[in-house]
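> Once you've had a glance at the structure underneath, I'll fire off some questions.
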Amino acid sequence: MSQLARQSLFALSVLIGGCTTVPAPRAISGAQVGVAFDRMGELGVFAEGYADPATKRLVTPDDPVRVASISKMVTAIGVMKLVDQGKLDLTSNVSRWLGWPLRNPSFPDRPITLGMLLSHTASVREHDDNYVVPLDGSLRDVLNDPRNWDAQHGPGDGYFAYVNMNYPIIGSIIEKVTGERFDIWMRREVLDPMKLDACFNWPTCSDGAVARAVELDGADGKPIKDDLHGVRPACPVFVRDDEPCDLSRWKLGENGSLFSPQGGLRISARGLSRIGRMLLNGGTLDGSRLLSVNAVDTLLRQVWRFDGTNGVTDGTFYCSAGNGTHRLPNPGCADNLPGNGTVYAGHAGDAYGLKSGLWIDRQRGVGIAYFVTGVPDPAPKAASSAYTAAEVAAFRRAAALIHPRESR
């Protein structure tokens with residue numbers, strides 16, 4: 001589709017009122033889904049492509065997909081609920097909850113806080129995807145590897161590097177504080193109160209959600225993740241080749257990576273929009289309160305911004321961090337997904353050929369949720385952007401559905 005044609009489509013969709021489904025030619029081989037919303041409800045939606053290419057099952061806005069790193073934002077919502085309850089805080093040494101000393105060996109006298117882990121400023125690092133710890137493994141053992149630490153920048157230096165490993169540590173903390181398995185607690189205390197049939201790594205999702213799973217394929221069309229066809233995965237966690245998948249071997253707080261707090265949330269685009277509405281409403285959804293207003297403010301508050309030297313930005317993709325969130329755009333950075341100067345807070349996702357996003361504009365009281373699958377790696381970048389052309393198109397297509405309601 002030409003840029004002119006895309007712009008025309010976007011302009012047309014802005015003029016269409018109500019919760020309108022907007023068809024459009026797809027620029028990729030996978031599925032594409034988007035939802036626009038405000039504090040009151042849904043403003044518009046589009047969905048096209050296949051959730052299950054083998055059976056030609058078309059994708060819908062209610063089909064759950066592995067949304068990748070948006071999972072971190074939802075994990076952070078769980079953290080803030082525990083902060084509201086007085087069971088956690090963002091400034092204490094996290095070793096008190098883990099039960100073992102979490103220390104950067106190059107800075108052994110500097111404590112690491114939950115706020116540092118949430119905002120990727122704790123000096124934790126990773127290599128060879130070792131944030132995925134097998135069922136019989138120990139997160140503590142993994143973090144004893146000096147390669148998992150920044151030797152030049154320590155806790156408290158305010159140096160940012162986006163690292164998945166931070167969130168398995170947070171997952172272990174949640175388990176230790178609640179006394180429950182991460183995925184089970186998150187389902188009951190965070191997802192269920194928002195009436196979401198969503199889950200981390202499938203065990204707590206309904207059979208109906210499993211039947212609607214969106215398959216993630218590579219650019220060659222071969223399945224990479226969630227090739228389920230209505231059947232739950234034989235093993236929902238990572239195990240070594242010679243080990244049984246026996247979840248009775250799970251140990252409280254031993255391995256917070258098991259249910260992928262950094263990327264394993266399965267949720268629909270419509271489900272993401274409900275999370276966005278909760279945040280826009282200061283912690284309430286449909287009259288029920290999940291978080292305090294202060295917790296929402298803390299979650300979305302910008303606590304780090306790139307100043308040219310204080311972090312690793314991945315080509316100016318990351319130029320801002322909150323406590324489990326990011327902000328767009330930032331001056332001097334090519335992170336401008338909106339393209340029009342509108343400020344959004346939220347999180348992006350990127351894994352297994354999927355690009356996703358949940359972003360809210362608190363000033364206008366609106367937001368968008370979207371995902372697009374089948375994106376090649378590496379994928380072409382959009383002009384003057386750190387984001388790929390596929391996700392910029394999905395973002396702006398969803399944003400074009402935002403329109404004022406006729407009455408309030």
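Chain labels run A, B, ... following the order of the structure tokens; each chain numbers its residues from 1, and ligands are numbered from 1 in the order shown.
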Tell me which protein, DNA and RNA residues are within 12 Å of Ala213 in chain A, counting only C-alpha atoms, leaving out same-chain ones fewer than 6 positions away, and put them as number ranges by chain.

A: 50-53, 57-67, 197-199, 201-202, 205-207, 225-233, 265-268

> Restricted to N, CA, C and O atoms, what would the selected residues look like written as a compact mmCIF listing (two decimals), in the first residue's frame?


```
# COMPACT_ATOMS: atom_id res chain seq x y z
N TYR A 50 -4.90 -14.60 9.73
CA TYR A 50 -5.21 -15.89 10.34
C TYR A 50 -4.62 -16.01 11.74
O TYR A 50 -3.43 -15.76 11.95
N ALA A 51 -5.46 -16.44 12.68
CA ALA A 51 -4.95 -16.83 13.99
C ALA A 51 -4.30 -18.20 13.91
O ALA A 51 -3.33 -18.49 14.61
N ASP A 52 -4.85 -19.06 13.05
CA ASP A 52 -4.32 -20.41 12.83
C ASP A 52 -4.25 -20.64 11.33
O ASP A 52 -5.24 -21.02 10.70
N PRO A 53 -3.11 -20.40 10.73
CA PRO A 53 -2.99 -20.53 9.27
C PRO A 53 -3.31 -21.93 8.75
O PRO A 53 -3.85 -22.07 7.65
N ARG A 57 -8.33 -20.35 10.32
CA ARG A 57 -9.17 -19.67 11.30
C ARG A 57 -8.79 -18.20 11.36
O ARG A 57 -7.64 -17.86 11.67
N LEU A 58 -9.73 -17.34 11.08
CA LEU A 58 -9.46 -15.91 11.06
C LEU A 58 -9.28 -15.37 12.47
O LEU A 58 -9.94 -15.80 13.41
N VAL A 59 -8.39 -14.41 12.61
CA VAL A 59 -8.13 -13.79 13.90
C VAL A 59 -9.26 -12.84 14.28
O VAL A 59 -9.92 -12.26 13.41
N THR A 60 -9.51 -12.71 15.57
CA THR A 60 -10.50 -11.77 16.08
C THR A 60 -9.85 -10.94 17.19
O THR A 60 -8.79 -11.32 17.73
N PRO A 61 -10.49 -9.84 17.59
CA PRO A 61 -9.93 -9.03 18.69
C PRO A 61 -9.93 -9.75 20.04
O PRO A 61 -9.31 -9.26 20.98
N ASP A 62 -10.63 -10.89 20.13
CA ASP A 62 -10.71 -11.63 21.39
C ASP A 62 -9.75 -12.81 21.45
O ASP A 62 -9.77 -13.56 22.43
N ASP A 63 -8.93 -12.99 20.44
CA ASP A 63 -8.01 -14.14 20.42
C ASP A 63 -6.73 -13.82 21.17
O ASP A 63 -6.07 -12.81 20.89
N PRO A 64 -6.33 -14.67 22.13
CA PRO A 64 -5.13 -14.39 22.91
C PRO A 64 -3.85 -14.69 22.13
O PRO A 64 -3.76 -15.67 21.39
N VAL A 65 -2.87 -13.83 22.32
CA VAL A 65 -1.59 -13.97 21.66
C VAL A 65 -0.50 -13.74 22.71
O VAL A 65 -0.73 -13.07 23.73
N ARG A 66 0.65 -14.30 22.48
CA ARG A 66 1.79 -14.04 23.37
C ARG A 66 2.28 -12.62 23.08
O ARG A 66 2.94 -12.37 22.07
N VAL A 67 1.98 -11.68 23.97
CA VAL A 67 2.21 -10.26 23.67
C VAL A 67 3.63 -9.80 23.99
O VAL A 67 3.93 -8.61 23.95
N ASP A 197 -9.72 -13.28 30.53
CA ASP A 197 -9.34 -14.68 30.36
C ASP A 197 -7.95 -14.68 29.73
O ASP A 197 -7.77 -14.91 28.53
N ALA A 198 -6.96 -14.39 30.57
CA ALA A 198 -5.58 -14.25 30.14
C ALA A 198 -4.70 -15.01 31.12
O ALA A 198 -5.14 -15.37 32.22
N CYS A 199 -3.45 -15.27 30.74
CA CYS A 199 -2.61 -16.12 31.58
C CYS A 199 -1.15 -16.00 31.16
O CYS A 199 -0.84 -15.57 30.05
N ASN A 201 1.85 -18.23 30.20
CA ASN A 201 2.27 -19.58 29.75
C ASN A 201 1.18 -20.64 29.79
O ASN A 201 1.47 -21.82 29.94
N TRP A 202 -0.10 -20.26 29.71
CA TRP A 202 -1.25 -21.11 29.44
C TRP A 202 -1.89 -21.88 30.60
O TRP A 202 -3.10 -22.16 30.52
N CYS A 205 -5.30 -20.29 31.84
CA CYS A 205 -6.29 -19.86 30.86
C CYS A 205 -7.36 -20.93 30.69
O CYS A 205 -7.12 -22.12 30.90
N SER A 206 -8.54 -20.51 30.26
CA SER A 206 -9.64 -21.44 30.02
C SER A 206 -9.38 -22.27 28.77
O SER A 206 -8.55 -21.91 27.92
N ASP A 207 -10.13 -23.36 28.62
CA ASP A 207 -10.05 -24.15 27.39
C ASP A 207 -10.45 -23.32 26.18
O ASP A 207 -9.90 -23.48 25.09
N LYS A 225 5.74 -20.44 17.81
CA LYS A 225 5.17 -20.45 19.16
C LYS A 225 3.66 -20.61 19.08
O LYS A 225 3.01 -20.08 18.18
N ASP A 226 3.10 -21.34 20.04
CA ASP A 226 1.66 -21.50 20.21
C ASP A 226 0.96 -22.12 19.01
O ASP A 226 -0.14 -21.73 18.62
N ASP A 227 1.60 -23.12 18.45
CA ASP A 227 0.99 -23.94 17.40
C ASP A 227 0.11 -24.99 18.10
O ASP A 227 0.41 -26.18 18.10
N LEU A 228 -1.01 -24.53 18.67
CA LEU A 228 -1.76 -25.35 19.62
C LEU A 228 -2.92 -26.11 18.99
O LEU A 228 -3.20 -27.25 19.38
N HIS A 229 -3.68 -25.48 18.10
CA HIS A 229 -4.87 -26.09 17.50
C HIS A 229 -5.83 -26.61 18.57
O HIS A 229 -6.40 -27.70 18.47
N GLY A 230 -5.99 -25.83 19.65
CA GLY A 230 -6.93 -26.17 20.70
C GLY A 230 -6.41 -27.11 21.77
O GLY A 230 -7.16 -27.48 22.68
N VAL A 231 -5.14 -27.51 21.67
CA VAL A 231 -4.57 -28.45 22.64
C VAL A 231 -3.52 -27.72 23.47
O VAL A 231 -2.62 -27.07 22.93
N ARG A 232 -3.64 -27.81 24.78
CA ARG A 232 -2.66 -27.16 25.65
C ARG A 232 -1.26 -27.71 25.39
O ARG A 232 -1.10 -28.89 25.07
N PRO A 233 -0.24 -26.88 25.55
CA PRO A 233 1.12 -27.38 25.36
C PRO A 233 1.43 -28.49 26.35
O PRO A 233 0.99 -28.46 27.51
N LEU A 265 2.85 -13.50 28.76
CA LEU A 265 1.41 -13.26 28.92
C LEU A 265 0.68 -13.54 27.62
O LEU A 265 1.04 -13.03 26.56
N ARG A 266 -0.37 -14.36 27.72
CA ARG A 266 -1.30 -14.59 26.59
C ARG A 266 -2.56 -13.80 26.87
O ARG A 266 -3.26 -14.04 27.86
N ILE A 267 -2.86 -12.87 25.99
CA ILE A 267 -4.00 -12.00 26.18
C ILE A 267 -4.42 -11.45 24.82
O ILE A 267 -3.59 -11.34 23.91
N SER A 268 -5.67 -11.12 24.66
CA SER A 268 -6.17 -10.56 23.41
C SER A 268 -5.94 -9.06 23.36
O SER A 268 -5.69 -8.40 24.38
```

> List every residue of range 260-289 of chain A that DSSP, applied to the backbone, labels as alpha helix (DSSP H), and write the result as a tab-separated table (two decimals) with N, CA and C atoms, in the first residue's frame.


```tsv
chain	number	residue	atom	x	y	z
A	269	ALA	N	-6.05	-8.50	22.17
A	269	ALA	CA	-5.96	-7.05	22.02
A	269	ALA	C	-7.09	-6.37	22.79
A	270	ARG	N	-8.26	-6.97	22.77
A	270	ARG	CA	-9.39	-6.41	23.53
A	270	ARG	C	-9.11	-6.49	25.03
A	271	GLY	N	-8.46	-7.57	25.45
A	271	GLY	CA	-8.06	-7.68	26.85
A	271	GLY	C	-7.06	-6.60	27.23
A	272	LEU	N	-6.09	-6.35	26.37
A	272	LEU	CA	-5.13	-5.28	26.63
A	272	LEU	C	-5.84	-3.93	26.77
A	273	SER	N	-6.86	-3.73	25.95
A	273	SER	CA	-7.56	-2.44	26.02
A	273	SER	C	-8.25	-2.26	27.38
A	274	ARG	N	-8.67	-3.34	28.00
A	274	ARG	CA	-9.27	-3.23	29.33
A	274	ARG	C	-8.23	-2.82	30.37
A	275	ILE	N	-7.02	-3.33	30.22
A	275	ILE	CA	-5.94	-2.90	31.11
A	275	ILE	C	-5.68	-1.40	30.90
A	276	GLY	N	-5.65	-0.98	29.65
A	276	GLY	CA	-5.46	0.43	29.35
A	276	GLY	C	-6.54	1.30	29.96
A	277	ARG	N	-7.78	0.84	29.88
A	277	ARG	CA	-8.89	1.60	30.47
A	277	ARG	C	-8.75	1.69	31.99
A	278	MET	N	-8.31	0.61	32.63
A	278	MET	CA	-8.09	0.65	34.08
A	278	MET	C	-7.08	1.73	34.44
A	279	LEU	N	-6.01	1.82	33.66
A	279	LEU	CA	-4.99	2.83	33.93
A	279	LEU	C	-5.52	4.24	33.67
A	280	LEU	N	-6.27	4.41	32.59
A	280	LEU	CA	-6.84	5.72	32.29
A	280	LEU	C	-7.81	6.18	33.38
```

> Please list as a list in words every residue within 8 Å of range 217-223 of chain A, counting only C-alpha atoms and excluding residues in the same chain fewer than 4 positions away.

Ser29, Gly30, Asp227, Tyr352, Gly353, Thr373, Gly374, Val375, Pro376 and Asp377 of chain A

> For the residues in the current selection, export C-alpha atoms as a short mmCIF file (atom, residue, chain, number, x, y, z; two decimals), in the first residue's frame.


```cif
data_model
loop_
_atom_site.label_atom_id
_atom_site.label_comp_id
_atom_site.auth_asym_id
_atom_site.auth_seq_id
_atom_site.Cartn_x
_atom_site.Cartn_y
_atom_site.Cartn_z
CA SER A 29 1.73 -12.26 5.86
CA GLY A 30 0.45 -12.70 9.41
CA ASP A 227 0.99 -23.94 17.40
CA TYR A 352 8.74 -14.64 17.65
CA GLY A 353 7.72 -12.49 14.69
CA THR A 373 2.45 -11.19 13.53
CA GLY A 374 4.67 -12.70 10.86
CA VAL A 375 7.14 -9.81 10.95
CA PRO A 376 10.58 -10.90 9.66
CA ASP A 377 13.72 -10.54 11.75
#
```

> Rank nothing, just name the residue among A:Val142, A:Val35, A:Ala393, A:Val293 nearest to Asp129 in chain A, using only C-alpha atoms.

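Of A:Val142, A:Val35, A:Ala393, A:Val293, the one nearest Asp129 in chain A is A:Val142, counting only C-alpha atoms.
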
> Would you mind telling me which residue in A:His120, A:Ala383, A:Trp250, A:Gly263 lies nearest to Ala351 in chain A when using only C-alpha atoms?

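Closest to Ala351 in chain A of all the choices is A:Gly263.
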
> I'd like the interatomic distance between CA of Ala36 in chain A and CA of Glu48 in chain A, to a tenth of an Å.

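These two atoms are separated by 15.6 Å.
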
> Return as CSV the residues of range 80-180 of chain A lying at most 10 Å from range 299-315 of chain A, together with the closest atom-to-atom pair for each and the distance in Å to one decimal, counting only C-alpha atoms, with rows in chain order and ascending residue number.


```
residue,atom,partner,partner_atom,distance
A:Met80,CA,A:Leu299,CA,7.4
A:Gly115,CA,A:Val303,CA,9.2
A:Met116,CA,A:Val303,CA,9.7
A:Leu118,CA,A:Leu299,CA,9.2
A:Ser119,CA,A:Val303,CA,7.5
A:His120,CA,A:Trp304,CA,9.3
A:Thr121,CA,A:Trp304,CA,8.5
A:His153,CA,A:Gly311,CA,9.5
A:Asp157,CA,A:Asn310,CA,8.6
A:Gly158,CA,A:Asn310,CA,7.0
A:Tyr159,CA,A:Gly311,CA,4.9
A:Phe160,CA,A:Gly311,CA,4.3
A:Ala161,CA,A:Val312,CA,5.1
A:Tyr162,CA,A:Val312,CA,7.5
```

> Give me, as number ranges by chain, all polymer residues having an atom no more than 8 Å from Arg396 in chain A, counting only C-alpha atoms and skipping those fewer than 4 positions away in the same chain.

A: 10, 337-338, 392, 400

> Could you check which of A:Met165, A:Leu252, A:Ile173, A:Ala68 is closest to Asp89 in chain A, using only C-alpha atoms?

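Looking only at the distances to Asp89 in chain A, the closest residue turns out to be A:Ile173.
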
> Excluding Ser292 in chain A and its own-chain neighbours fewer than 4 positions away, which residues fall within 12 Å of it when counting only C-alpha atoms? Please give them as a list in words.

Ile77, Met80, Lys81, Leu82, Val83, Asp84, Gln85, Met278, Leu279, Asn281, Gly282, Gly283, Thr284, Leu285, Ser288, Val296, Asp297, Thr298 and Leu299 of chain A

> Env of range 235-238 of chain A: 8 Å cut, atoms = only C-alpha atoms, seq-sep filter 6 positions within chain, self excluded. Answer as a list in words.

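Here the qualifying residues turn out to be Val132, Val133, Pro134, Leu135, Asn201, Trp202, Pro203, Cys245, Leu258 and Phe259 of chain A.
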
> Since we have the selection now, will you write its residues out, keeping all heavy atoms, as a PDB file, in the first residue's frame?


```
ATOM      1  N   VAL A 132      15.933 -17.422  30.711  1.00  0.00           N
ATOM      2  CA  VAL A 132      15.007 -18.553  30.675  1.00  0.00           C
ATOM      3  C   VAL A 132      15.671 -19.695  31.440  1.00  0.00           C
ATOM      4  O   VAL A 132      16.564 -20.370  30.935  1.00  0.00           O
ATOM      5  CB  VAL A 132      14.684 -18.980  29.233  1.00  0.00           C
ATOM      6  CG1 VAL A 132      13.681 -20.126  29.239  1.00  0.00           C
ATOM      7  CG2 VAL A 132      14.151 -17.803  28.430  1.00  0.00           C
ATOM      8  N   VAL A 133      15.247 -19.901  32.665  1.00  0.00           N
ATOM      9  CA  VAL A 133      15.877 -20.873  33.557  1.00  0.00           C
ATOM     10  C   VAL A 133      15.019 -22.135  33.591  1.00  0.00           C
ATOM     11  O   VAL A 133      13.802 -22.052  33.807  1.00  0.00           O
ATOM     12  CB  VAL A 133      16.028 -20.287  34.976  1.00  0.00           C
ATOM     13  CG1 VAL A 133      16.729 -21.275  35.899  1.00  0.00           C
ATOM     14  CG2 VAL A 133      16.783 -18.958  34.925  1.00  0.00           C
ATOM     15  N   PRO A 134      15.601 -23.316  33.363  1.00  0.00           N
ATOM     16  CA  PRO A 134      14.792 -24.540  33.322  1.00  0.00           C
ATOM     17  C   PRO A 134      14.176 -24.881  34.671  1.00  0.00           C
ATOM     18  O   PRO A 134      14.589 -24.366  35.724  1.00  0.00           O
ATOM     19  CB  PRO A 134      15.801 -25.610  32.879  1.00  0.00           C
ATOM     20  CG  PRO A 134      17.132 -25.069  33.254  1.00  0.00           C
ATOM     21  CD  PRO A 134      17.037 -23.582  33.116  1.00  0.00           C
ATOM     22  N   LEU A 135      13.195 -25.776  34.632  1.00  0.00           N
ATOM     23  CA  LEU A 135      12.421 -26.144  35.810  1.00  0.00           C
ATOM     24  C   LEU A 135      13.300 -26.585  36.963  1.00  0.00           C
ATOM     25  O   LEU A 135      13.023 -26.272  38.121  1.00  0.00           O
ATOM     26  CB  LEU A 135      11.426 -27.257  35.436  1.00  0.00           C
ATOM     27  CG  LEU A 135      10.551 -27.831  36.549  1.00  0.00           C
ATOM     28  CD1 LEU A 135       9.714 -26.751  37.209  1.00  0.00           C
ATOM     29  CD2 LEU A 135       9.652 -28.936  35.993  1.00  0.00           C
ATOM     30  N   ASN A 201       1.850 -18.232  30.197  1.00  0.00           N
ATOM     31  CA  ASN A 201       2.270 -19.576  29.746  1.00  0.00           C
ATOM     32  C   ASN A 201       1.182 -20.639  29.792  1.00  0.00           C
ATOM     33  O   ASN A 201       1.474 -21.816  29.939  1.00  0.00           O
ATOM     34  CB  ASN A 201       3.499 -20.058  30.523  1.00  0.00           C
ATOM     35  CG  ASN A 201       4.783 -19.404  30.026  1.00  0.00           C
ATOM     36  OD1 ASN A 201       4.749 -18.416  29.304  1.00  0.00           O
ATOM     37  ND2 ASN A 201       5.915 -19.957  30.421  1.00  0.00           N
ATOM     38  N   TRP A 202      -0.096 -20.261  29.712  1.00  0.00           N
ATOM     39  CA  TRP A 202      -1.252 -21.109  29.442  1.00  0.00           C
ATOM     40  C   TRP A 202      -1.894 -21.882  30.596  1.00  0.00           C
ATOM     41  O   TRP A 202      -3.097 -22.159  30.524  1.00  0.00           O
ATOM     42  CB  TRP A 202      -0.946 -22.123  28.310  1.00  0.00           C
ATOM     43  CG  TRP A 202      -0.802 -21.474  26.977  1.00  0.00           C
ATOM     44  CD1 TRP A 202       0.310 -21.461  26.183  1.00  0.00           C
ATOM     45  CD2 TRP A 202      -1.789 -20.725  26.252  1.00  0.00           C
ATOM     46  NE1 TRP A 202       0.086 -20.740  25.024  1.00  0.00           N
ATOM     47  CE2 TRP A 202      -1.200 -20.274  25.049  1.00  0.00           C
ATOM     48  CE3 TRP A 202      -3.118 -20.374  26.530  1.00  0.00           C
ATOM     49  CZ2 TRP A 202      -1.887 -19.520  24.126  1.00  0.00           C
ATOM     50  CZ3 TRP A 202      -3.803 -19.608  25.599  1.00  0.00           C
ATOM     51  CH2 TRP A 202      -3.183 -19.194  24.404  1.00  0.00           C
ATOM     52  N   PRO A 203      -1.230 -22.294  31.686  1.00  0.00           N
ATOM     53  CA  PRO A 203      -1.916 -23.176  32.643  1.00  0.00           C
ATOM     54  C   PRO A 203      -3.206 -22.623  33.227  1.00  0.00           C
ATOM     55  O   PRO A 203      -4.137 -23.394  33.488  1.00  0.00           O
ATOM     56  CB  PRO A 203      -0.866 -23.378  33.752  1.00  0.00           C
ATOM     57  CG  PRO A 203       0.428 -23.227  33.064  1.00  0.00           C
ATOM     58  CD  PRO A 203       0.205 -22.149  32.046  1.00  0.00           C
ATOM     59  N   CYS A 245       8.622 -32.952  32.757  1.00  0.00           N
ATOM     60  CA  CYS A 245       7.870 -31.720  32.993  1.00  0.00           C
ATOM     61  C   CYS A 245       6.895 -31.982  34.131  1.00  0.00           C
ATOM     62  O   CYS A 245       5.726 -32.293  33.924  1.00  0.00           O
ATOM     63  CB  CYS A 245       7.129 -31.289  31.731  1.00  0.00           C
ATOM     64  SG  CYS A 245       6.269 -29.714  31.920  1.00  0.00           S
ATOM     65  N   LEU A 258       9.996 -19.168  35.395  1.00  0.00           N
ATOM     66  CA  LEU A 258       9.272 -20.324  34.860  1.00  0.00           C
ATOM     67  C   LEU A 258       8.058 -19.940  34.032  1.00  0.00           C
ATOM     68  O   LEU A 258       7.807 -20.535  32.978  1.00  0.00           O
ATOM     69  CB  LEU A 258       8.836 -21.254  35.997  1.00  0.00           C
ATOM     70  CG  LEU A 258       9.853 -22.297  36.460  1.00  0.00           C
ATOM     71  CD1 LEU A 258       9.251 -23.152  37.559  1.00  0.00           C
ATOM     72  CD2 LEU A 258      10.328 -23.158  35.300  1.00  0.00           C
ATOM     73  N   PHE A 259       7.288 -18.965  34.491  1.00  0.00           N
ATOM     74  CA  PHE A 259       6.061 -18.603  33.790  1.00  0.00           C
ATOM     75  C   PHE A 259       6.197 -17.280  33.041  1.00  0.00           C
ATOM     76  O   PHE A 259       5.220 -16.603  32.750  1.00  0.00           O
ATOM     77  CB  PHE A 259       4.885 -18.620  34.758  1.00  0.00           C
ATOM     78  CG  PHE A 259       4.587 -20.010  35.245  1.00  0.00           C
ATOM     79  CD1 PHE A 259       5.167 -20.481  36.406  1.00  0.00           C
ATOM     80  CD2 PHE A 259       3.792 -20.864  34.503  1.00  0.00           C
ATOM     81  CE1 PHE A 259       4.939 -21.786  36.834  1.00  0.00           C
ATOM     82  CE2 PHE A 259       3.559 -22.167  34.921  1.00  0.00           C
ATOM     83  CZ  PHE A 259       4.131 -22.627  36.092  1.00  0.00           C
TER      84      PHE A 259
END
```

> In range 110-330 of chain A, what's strand (DSSP E) per DSSP? Answer as a PDB file with C-alpha atoms, in the first residue's frame?


```
ATOM      1  CA  PHE A 160      19.647   2.020  31.844  1.00  0.00           C
ATOM      2  CA  ALA A 161      19.944  -1.208  29.877  1.00  0.00           C
ATOM      3  CA  CYS A 199      -2.605 -16.119  31.578  1.00  0.00           C
ATOM      4  CA  PHE A 200       1.134 -16.521  31.745  1.00  0.00           C
ATOM      5  CA  LEU A 216       3.182 -17.116  15.930  1.00  0.00           C
ATOM      6  CA  ASP A 217       4.974 -17.984  12.704  1.00  0.00           C
ATOM      7  CA  PRO A 223       5.227 -22.126  13.445  1.00  0.00           C
ATOM      8  CA  ILE A 224       7.499 -20.764  16.166  1.00  0.00           C
ATOM      9  CA  LYS A 225       5.171 -20.454  19.160  1.00  0.00           C
ATOM     10  CA  LEU A 265       1.414 -13.258  28.918  1.00  0.00           C
ATOM     11  CA  ARG A 266      -1.295 -14.586  26.593  1.00  0.00           C
ATOM     12  CA  ILE A 267      -3.997 -11.995  26.177  1.00  0.00           C
ATOM     13  CA  THR A 284     -10.560   1.312  38.455  1.00  0.00           C
ATOM     14  CA  LEU A 285     -12.412  -0.676  35.802  1.00  0.00           C
ATOM     15  CA  SER A 288     -14.029  -2.001  40.711  1.00  0.00           C
ATOM     16  CA  ARG A 289     -10.700  -0.727  42.029  1.00  0.00           C
ATOM     17  CA  TRP A 304      14.776   7.614  33.609  1.00  0.00           C
ATOM     18  CA  ARG A 305      15.329   9.483  30.368  1.00  0.00           C
ATOM     19  CA  GLY A 311      22.176   4.141  29.107  1.00  0.00           C
ATOM     20  CA  VAL A 312      21.974   1.716  26.198  1.00  0.00           C
ATOM     21  CA  SER A 320      12.496   6.596  28.637  1.00  0.00           C
ATOM     22  CA  ALA A 321      11.596   4.290  31.502  1.00  0.00           C
ATOM     23  CA  HIS A 326       7.979   3.667  28.819  1.00  0.00           C
ATOM     24  CA  ARG A 327       6.988   7.006  27.334  1.00  0.00           C
ATOM     25  CA  LEU A 328       6.835   8.222  23.735  1.00  0.00           C
TER      26      LEU A 328
END
```

> Between A:Glu243, A:Glu391, A:Glu215, A:Asp38, which residue has the minimum interatomic distance to Asp136 in chain A, considering only C-alpha atoms?

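Result for the nearest residue to Asp136 in chain A: A:Glu243.
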
> Which of these residues is nearest to Gln152 in chain A, using only C-alpha atoms: A:Ala382, A:Val343, A:Val124, A:Met73?

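Comparing A:Ala382, A:Val343, A:Val124, A:Met73 against Gln152 in chain A, the winner is A:Val124.
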